[in-house]
$ cat my_file-v3.cif   # mmCIF, C-alpha atoms
data_start
loop_
_atom_site.label_atom_id
_atom_site.label_comp_id
_atom_site.auth_asym_id
_atom_site.auth_seq_id
_atom_site.Cartn_x
_atom_site.Cartn_y
_atom_site.Cartn_z
CA MET U 1 44.38 21.01 0.21
CA ASP U 2 45.12 21.23 3.93
CA SER U 3 43.29 19.06 6.39
CA VAL U 4 40.83 20.82 8.69
CA ARG U 5 41.41 20.66 12.43
CA SER U 6 39.09 21.72 15.18
CA PRO U 7 40.40 24.74 17.08
CA GLU U 8 41.90 24.27 20.52
CA TRP U 9 39.28 26.11 22.60
CA PRO U 10 40.80 27.76 25.70
CA VAL U 11 39.35 27.25 29.14
CA ALA U 12 36.81 29.98 30.00
CA PRO U 13 38.61 32.65 32.06
CA LEU U 14 37.32 34.03 35.34
CA GLY U 15 34.63 36.56 34.60
CA GLY U 16 33.78 34.80 31.33
CA VAL U 17 31.00 32.28 30.88
CA ALA U 18 31.46 30.90 34.39
CA GLY U 19 31.46 34.39 35.87
CA ASN U 20 28.23 35.22 34.04
CA SER U 21 26.22 32.42 35.65
CA ALA U 22 23.08 33.14 37.64
CA ALA U 23 24.72 32.17 40.91
CA ALA U 24 27.65 34.49 40.34
CA ARG U 25 25.46 37.44 39.27
CA TYR U 26 22.60 37.26 41.73
CA ALA U 27 24.02 35.59 44.84
CA VAL U 28 24.11 37.65 48.00
CA PRO U 29 27.63 38.38 49.31
CA GLY U 30 28.58 36.02 52.09
CA GLY U 31 27.03 32.97 50.49
CA GLY U 32 23.36 33.77 51.26
CA PRO U 33 20.51 32.79 48.96
CA ALA U 34 19.80 34.73 45.82
CA VAL U 35 16.94 37.21 46.35
CA GLY U 36 16.98 39.05 43.04
CA ARG U 37 18.97 41.88 41.55
CA ALA U 38 19.69 44.69 43.98
CA GLY U 39 19.78 47.40 41.32
CA PRO U 40 20.55 48.14 37.69
CA PRO U 41 23.98 47.18 36.42
CA PRO U 42 26.59 49.92 36.33
CA PRO U 43 27.06 51.70 33.01
CA TYR U 44 29.77 50.44 30.72
CA GLN U 45 33.14 52.09 31.23
CA PRO U 46 35.75 51.67 28.50
CA PRO U 47 39.25 50.70 29.63
CA SER U 48 41.46 53.55 30.64
CA GLY U 49 43.49 54.98 27.78
CA ALA U 50 41.18 53.55 25.14
CA GLY U 51 40.81 55.84 22.13
CA THR U 52 37.88 56.31 19.86
CA SER U 53 39.63 54.92 16.78
CA PRO U 54 39.55 51.15 16.19
CA PRO U 55 42.75 49.18 16.80
CA PRO U 56 45.00 48.85 13.76
CA VAL U 57 44.57 45.68 11.77
CA GLY U 58 47.76 44.05 10.53
CA LYS U 59 48.16 43.15 6.88
CA PRO U 60 47.30 39.47 6.35
CA ALA U 61 50.20 37.25 5.44
CA ALA U 62 50.49 36.37 1.76
CA PRO U 63 49.61 32.76 0.91
CA PRO U 64 52.53 30.48 0.00
CA ILE U 65 53.53 30.25 -3.65
CA PRO U 66 52.37 26.93 -5.18
CA VAL U 67 55.08 24.94 -6.97
CA LYS U 68 54.28 21.84 -9.00
CA ILE U 69 56.83 19.02 -8.92
CA LEU U 70 56.61 15.69 -10.74
CA VAL U 71 57.78 12.40 -9.23
CA ALA U 72 58.44 10.11 -12.18
CA GLY U 73 60.23 6.90 -13.02
CA GLY U 74 59.71 3.30 -14.03
CA PHE U 75 57.28 0.77 -12.65
CA GLY U 76 57.82 -0.23 -9.03
CA VAL U 77 60.73 2.13 -8.28
CA GLY U 78 59.07 3.84 -5.27
CA LYS U 79 57.15 6.85 -6.64
CA THR U 80 54.00 6.27 -4.56
CA THR U 81 56.12 5.63 -1.48
CA THR U 82 58.05 8.85 -2.10
CA VAL U 83 54.90 10.98 -2.28
CA GLY U 84 53.36 9.29 0.76
CA ALA U 85 56.49 9.71 2.89
CA ILE U 86 56.64 13.51 2.55
CA SER U 87 53.02 14.59 2.06
CA GLU U 88 51.52 16.55 4.94
CA ILE U 89 48.03 15.42 3.90
CA ALA U 90 46.72 11.94 3.30
CA PRO U 91 48.06 11.36 -0.23
CA LEU U 92 45.64 10.77 -3.07
CA THR U 93 46.54 7.50 -4.76
CA THR U 94 44.98 5.58 -7.62
CA GLU U 95 46.26 2.13 -6.76
CA ALA U 96 44.68 -0.94 -8.37
CA GLU U 97 45.37 -4.59 -7.64
CA MET U 98 47.70 -6.28 -10.08
CA THR U 99 46.17 -9.24 -11.88
CA SER U 100 47.44 -12.17 -13.90
CA ALA U 101 46.91 -10.09 -17.05
CA GLY U 102 49.96 -8.05 -16.08
CA ILE U 103 52.32 -11.03 -15.92
CA GLY U 104 55.15 -10.42 -18.36
CA VAL U 105 54.00 -6.83 -18.88
CA ASP U 106 54.41 -5.21 -15.44
CA ASP U 107 57.63 -6.43 -13.85
CA PRO U 108 58.37 -4.87 -10.44
CA GLY U 109 61.59 -6.87 -10.03
CA VAL U 110 62.44 -10.01 -8.12
CA ARG U 111 62.97 -8.15 -4.83
CA SER U 112 59.59 -6.46 -4.87
CA THR U 113 56.51 -7.59 -2.96
CA LYS U 114 54.37 -5.04 -4.83
CA THR U 115 50.76 -6.13 -5.36
CA THR U 116 49.22 -2.85 -6.61
CA THR U 117 49.99 -0.38 -9.36
CA THR U 118 49.25 3.29 -9.99
CA VAL U 119 46.73 3.63 -12.82
CA ALA U 120 46.40 7.44 -12.94
CA MET U 121 48.57 9.47 -10.57
CA ASP U 122 49.58 10.11 -6.97
CA PHE U 123 49.08 13.49 -5.33
CA GLY U 124 50.44 15.04 -2.14
CA CYS U 125 51.66 18.38 -0.86
CA VAL U 126 54.20 19.70 1.61
CA THR U 127 54.84 23.21 2.94
CA ILE U 128 58.51 24.18 2.71
CA ASP U 129 58.08 27.49 4.56
CA ARG U 130 55.57 30.33 4.80
CA SER U 131 56.30 31.42 1.23
CA LEU U 132 56.55 28.09 -0.62
CA LYS U 133 54.36 25.00 -0.91
CA LEU U 134 55.10 21.99 -3.09
CA TYR U 135 52.37 20.07 -4.89
CA LEU U 136 53.66 16.62 -5.83
CA PHE U 137 52.28 14.64 -8.76
CA GLY U 138 53.43 11.05 -9.11
CA THR U 139 53.23 9.69 -12.64
CA PRO U 140 52.25 6.12 -13.57
CA GLY U 141 55.23 4.01 -14.49
CA GLN U 142 53.92 1.76 -17.23
CA ALA U 143 54.38 2.68 -20.89
CA ARG U 144 50.65 2.28 -21.62
CA PHE U 145 49.95 5.29 -19.37
CA GLY U 146 52.52 7.47 -21.10
CA PHE U 147 49.81 9.59 -22.74
CA MET U 148 49.13 11.15 -19.31
CA TRP U 149 52.64 12.50 -18.85
CA ASP U 150 52.15 15.54 -21.08
CA ASP U 151 49.13 16.65 -19.06
CA LEU U 152 50.79 15.98 -15.70
CA ALA U 153 53.93 17.88 -16.75
CA ARG U 154 52.00 21.00 -17.76
CA GLY U 155 52.89 23.80 -15.33
CA ALA U 156 55.57 21.81 -13.48
CA LEU U 157 58.81 23.55 -12.51
CA GLY U 158 60.88 20.42 -12.06
CA ALA U 159 60.88 16.67 -11.63
CA LEU U 160 62.42 13.97 -9.47
CA VAL U 161 63.17 10.85 -11.53
CA VAL U 162 63.20 7.89 -9.15
CA VAL U 163 65.57 5.08 -10.14
CA ASP U 164 66.09 1.52 -8.95
CA SER U 165 69.81 0.86 -9.25
CA ALA U 166 69.11 -2.82 -10.02
CA ARG U 167 66.76 -1.95 -12.92
CA LEU U 168 68.24 1.06 -14.69
CA ASP U 169 66.53 0.26 -17.99
CA ASP U 170 63.15 1.19 -16.53
CA CYS U 171 64.12 4.85 -16.01
CA PHE U 172 65.31 5.64 -19.55
CA PRO U 173 61.84 6.69 -20.82
CA ALA U 174 61.44 9.18 -17.96
CA ILE U 175 64.88 10.73 -18.53
CA ASP U 176 64.26 10.95 -22.29
CA PHE U 177 60.88 12.60 -21.68
CA PHE U 178 62.24 15.39 -19.47
CA GLU U 179 65.25 15.98 -21.70
CA ARG U 180 62.95 16.46 -24.70
CA ALA U 181 60.55 18.65 -22.68
CA GLY U 182 63.41 20.81 -21.39
CA LEU U 183 62.15 20.44 -17.82
CA PRO U 184 64.78 20.58 -15.04
CA PHE U 185 65.04 17.20 -13.33
CA VAL U 186 67.06 15.39 -10.70
CA VAL U 187 67.82 11.67 -10.72
CA GLY U 188 67.15 10.18 -7.29
CA VAL U 189 68.44 6.64 -6.78
CA ASN U 190 66.18 4.85 -4.32
CA ALA U 191 68.22 2.79 -1.86
CA PHE U 192 66.21 -0.42 -1.61
CA ASP U 193 67.09 -2.26 1.61
CA GLY U 194 69.38 0.68 2.44
CA ARG U 195 71.96 -0.05 -0.26
CA LEU U 196 72.61 0.40 -3.98
CA ALA U 197 73.43 -2.25 -6.55
CA LEU U 198 75.92 0.14 -8.24
CA GLU U 199 77.95 3.18 -7.30
CA LEU U 200 76.57 6.59 -8.20
CA SER U 201 79.40 7.21 -10.66
CA GLU U 202 78.59 3.95 -12.43
CA ILE U 203 74.90 4.86 -12.53
CA ARG U 204 75.67 8.26 -14.07
CA TRP U 205 77.79 6.59 -16.76
CA ALA U 206 75.12 3.94 -17.48
CA LEU U 207 72.35 6.57 -17.77
CA ALA U 208 74.54 8.81 -19.97
CA ILE U 209 73.51 11.97 -18.12
CA GLY U 210 75.73 15.02 -18.00
CA ASP U 211 77.33 16.54 -14.95
CA GLN U 212 74.73 19.32 -14.99
CA VAL U 213 72.05 16.81 -13.95
CA PRO U 214 72.16 16.22 -10.17
CA LEU U 215 72.36 12.56 -9.12
CA VAL U 216 71.47 11.83 -5.48
CA GLN U 217 70.85 8.81 -3.32
CA PHE U 218 67.78 8.78 -1.10
CA ASP U 219 65.39 6.48 0.75
CA ALA U 220 61.79 6.76 -0.48
CA ARG U 221 60.51 5.59 2.92
CA ASP U 222 62.26 8.30 4.91
CA ARG U 223 60.62 11.74 5.11
CA LEU U 224 63.84 13.70 5.67
CA SER U 225 65.62 11.85 2.86
CA VAL U 226 62.78 12.63 0.45
CA ARG U 227 62.82 16.27 1.60
CA ASP U 228 66.52 16.59 0.79
CA ALA U 229 65.97 15.16 -2.69
CA LEU U 230 63.11 17.60 -3.38
CA LEU U 231 65.23 20.53 -2.21
CA VAL U 232 67.76 19.59 -4.89
CA VAL U 233 64.92 19.70 -7.45
CA LEU U 234 64.01 23.20 -6.23
CA ASP U 235 67.64 24.36 -6.52
CA ARG U 236 67.78 22.99 -10.05
CA ALA U 237 64.54 24.76 -11.02
CA LEU U 238 65.74 28.04 -9.45
CA GLU U 239 69.04 27.79 -11.32
CA ARG U 240 67.19 27.33 -14.62
CA ALA U 241 64.83 30.26 -13.91
CA THR U 242 67.75 32.54 -12.99
CA ARG U 243 69.65 31.61 -16.13
CA ASP U 244 66.62 32.21 -18.34
CA ARG U 245 66.02 35.61 -16.74
CA GLN U 246 69.60 36.69 -17.37
CA ALA U 247 69.54 35.50 -21.00
#

$ encode --input "my_file-v3.cif" --output "structure tokens"
Amino acid sequence: MDSVRSPEWPVAPLGGVAGNSAAARYAVPGGGPAVGRAGPPPPYQPPSGAGTSPPPVGKPAAPPIPVKILVAGGFGVGKTTTVGAISEIAPLTTEAEMTSAGIGVDDPGVRSTKTTTTVAMDFGCVTIDRSLKLYLFGTPGQARFGFMWDDLARGALGALVVVDSARLDDCFPAIDFFERAGLPFVVGVNAFDGRLALELSEIRWALAIGDQVPLVQFDARDRLSVRDALLVVLDRALERATRDRQA
């Protein structure tokens, strides 16, 4: 949903509210005191050239088409950061503090300073243009929340699988899920600290994904970088839809 903003009210023009004040209506020309109305107001005269028919009303613009995109991946790879970086509204997050009970179960990696975890989903939206609006759903990364993925994937047109190049094992469940579901997806390698632990060609080989699956590098903290990755997801979904229509 879009945030609500108060309208920018224009300054009252001459002859508007200020021109309709008592001093302006009843003052005597020359600056003398007001002594009452001199006579009845003149009858209303429509503007010259005005017709009797009402002015044409333009056809309202069609609302943008909603497109559901998933942002998935392992625990601590940057899914919540990705949604928050691009969302044009304050993103809905379901972050909970990590406790000692998660030690040995939830491993964000040695480089991470992560202290919270997503326990349901993340949600944000971004308008691509007047005809297209993306609704982003970030999935939880832990295996114990895997039962939610089927519901979150329902109605989605594509997915961005976020990968940490230093912890490739964590992204295998997400890739397997979308391959089984037949949902178009793009693998986005999050550049932690601005660099990758492996080359993209090595990552493609390690993940055993075919050349038909786009593999891109992006920065989950940068809005434009996230936008470029999501545009690749849209291209992938459009390619799949076009191929299915021609079949």

$ resolve_selection --input "my_file-v3.cif" --expression "the PyMOL selection byres ((chain U and resi 132) around 8)" --output "PyMOL selection string"
chain U and resi 64-67+127-131+133-134

$ resolve_selection --input "my_file-v3.cif" --expression "the PyMOL selection byres ((chain U and resi 168) around 10)" --output "ChimeraX atom specification"
/U:74,77,163-167,169-172,189,203,206-207

$ write_last_selection --input "my_file-v3.cif" --atoms "C-alpha atoms" --output "PDB file, in the frame of the given file"
ATOM      1  CA  GLY U  74      59.710   3.300 -14.030  1.00  0.00           C
ATOM      2  CA  VAL U  77      60.730   2.130  -8.280  1.00  0.00           C
ATOM      3  CA  VAL U 163      65.570   5.080 -10.140  1.00  0.00           C
ATOM      4  CA  ASP U 164      66.090   1.520  -8.950  1.00  0.00           C
ATOM      5  CA  SER U 165      69.810   0.860  -9.250  1.00  0.00           C
ATOM      6  CA  ALA U 166      69.110  -2.820 -10.020  1.00  0.00           C
ATOM      7  CA  ARG U 167      66.760  -1.950 -12.920  1.00  0.00           C
ATOM      8  CA  ASP U 169      66.530   0.260 -17.990  1.00  0.00           C
ATOM      9  CA  ASP U 170      63.150   1.190 -16.530  1.00  0.00           C
ATOM     10  CA  CYS U 171      64.120   4.850 -16.010  1.00  0.00           C
ATOM     11  CA  PHE U 172      65.310   5.640 -19.550  1.00  0.00           C
ATOM     12  CA  VAL U 189      68.440   6.640  -6.780  1.00  0.00           C
ATOM     13  CA  ILE U 203      74.900   4.860 -12.530  1.00  0.00           C
ATOM     14  CA  ALA U 206      75.120   3.940 -17.480  1.00  0.00           C
ATOM     15  CA  LEU U 207      72.350   6.570 -17.770  1.00  0.00           C
TER      16      LEU U 207
END

$ closest_residue --input "my_file-v3.cif" --among "U:Val232, U:Leu157, U:Ala237, U:Val226" --to "Lys79 (chain U)" --atoms "only C-alpha atoms"
U:Val226

$ atom_distance --input "my_file-v3.cif" --atom1 "CA of Ala85 (chain U)" --atom2 "CA of Gly124 (chain U)"
9.5 Å

$ atom_distance --input "my_file-v3.cif" --atom1 "CA of Asn190 (chain U)" --atom2 "CA of Thr242 (chain U)"
29.1 Å

$ resolve_selection --input "my_file-v3.cif" --expression "the PyMOL selection byres ((chain U and resi 193) around 12)" --output "CSV table (one decimal) with C-alpha atoms, in the frame of the given file"
chain,number,residue,atom,x,y,z
U,111,ARG,CA,63.0,-8.2,-4.8
U,112,SER,CA,59.6,-6.5,-4.9
U,164,ASP,CA,66.1,1.5,-9.0
U,165,SER,CA,69.8,0.9,-9.2
U,166,ALA,CA,69.1,-2.8,-10.0
U,190,ASN,CA,66.2,4.8,-4.3
U,191,ALA,CA,68.2,2.8,-1.9
U,192,PHE,CA,66.2,-0.4,-1.6
U,194,GLY,CA,69.4,0.7,2.4
U,195,ARG,CA,72.0,0.0,-0.3
U,196,LEU,CA,72.6,0.4,-4.0
U,197,ALA,CA,73.4,-2.2,-6.6
U,218,PHE,CA,67.8,8.8,-1.1
U,219,ASP,CA,65.4,6.5,0.8
U,220,ALA,CA,61.8,6.8,-0.5
U,221,ARG,CA,60.5,5.6,2.9

$ closest_residue --input "my_file-v3.cif" --among "U:Gln212, U:Thr139, U:Ser225, U:Ser201" --to "Ile86 (chain U)" --atoms "only C-alpha atoms"
U:Ser225

$ atom_distance --input "my_file-v3.cif" --atom1 "CA of Arg204 (chain U)" --atom2 "CA of Ser87 (chain U)"
28.5 Å

$ closest_residue --input "my_file-v3.cif" --among "U:Asp228, U:Asp176, U:Gly182, U:Glu239" --to "Ala208 (chain U)" --atoms "only C-alpha atoms"
U:Asp176

$ closest_residue --input "my_file-v3.cif" --among "U:Asp211, U:Asp244, U:Glu199, U:Asp150" --to "Phe177 (chain U)" --atoms "all atoms listed in the file"
U:Asp150

$ closest_residue --input "my_file-v3.cif" --among "U:Ala247, U:Met121, U:Leu238, U:Ala61" --to "Asp151 (chain U)" --atoms "all atoms listed in the file"
U:Met121

$ residues_around --input "my_file-v3.cif" --residues "Ala229 (chain U)" --least-positions-apart "6" --cutoff "12 Å" --atoms "all atoms listed in the file" --output "list in words"
Ile69, Val71, Thr82, Val83, Ile86, Gly158, Ala159, Leu160, Val161, Val162, Phe185, Val186, Val187, Gly188, Val189, Asn190, Pro214, Leu215, Val216, Gln217, Phe218, Asp219, Ala220, Asp222, Arg223, Asp235 and Arg236 of chain U

$ write_last_selection --input "my_file-v3.cif" --atoms "C-alpha atoms" --output "CSV table (one decimal), keeping the file's coordinate frame"
chain,number,residue,atom,x,y,z
U,69,ILE,CA,56.8,19.0,-8.9
U,71,VAL,CA,57.8,12.4,-9.2
U,82,THR,CA,58.0,8.8,-2.1
U,83,VAL,CA,54.9,11.0,-2.3
U,86,ILE,CA,56.6,13.5,2.6
U,158,GLY,CA,60.9,20.4,-12.1
U,159,ALA,CA,60.9,16.7,-11.6
U,160,LEU,CA,62.4,14.0,-9.5
U,161,VAL,CA,63.2,10.8,-11.5
U,162,VAL,CA,63.2,7.9,-9.2
U,185,PHE,CA,65.0,17.2,-13.3
U,186,VAL,CA,67.1,15.4,-10.7
U,187,VAL,CA,67.8,11.7,-10.7
U,188,GLY,CA,67.2,10.2,-7.3
U,189,VAL,CA,68.4,6.6,-6.8
U,190,ASN,CA,66.2,4.8,-4.3
U,214,PRO,CA,72.2,16.2,-10.2
U,215,LEU,CA,72.4,12.6,-9.1
U,216,VAL,CA,71.5,11.8,-5.5
U,217,GLN,CA,70.8,8.8,-3.3
U,218,PHE,CA,67.8,8.8,-1.1
U,219,ASP,CA,65.4,6.5,0.8
U,220,ALA,CA,61.8,6.8,-0.5
U,222,ASP,CA,62.3,8.3,4.9
U,223,ARG,CA,60.6,11.7,5.1
U,235,ASP,CA,67.6,24.4,-6.5
U,236,ARG,CA,67.8,23.0,-10.0

$ closest_residue --input "my_file-v3.cif" --among "U:Leu224, U:Ala174, U:Leu230, U:Ala72" --to "Phe137 (chain U)" --atoms "only C-alpha atoms"
U:Ala72
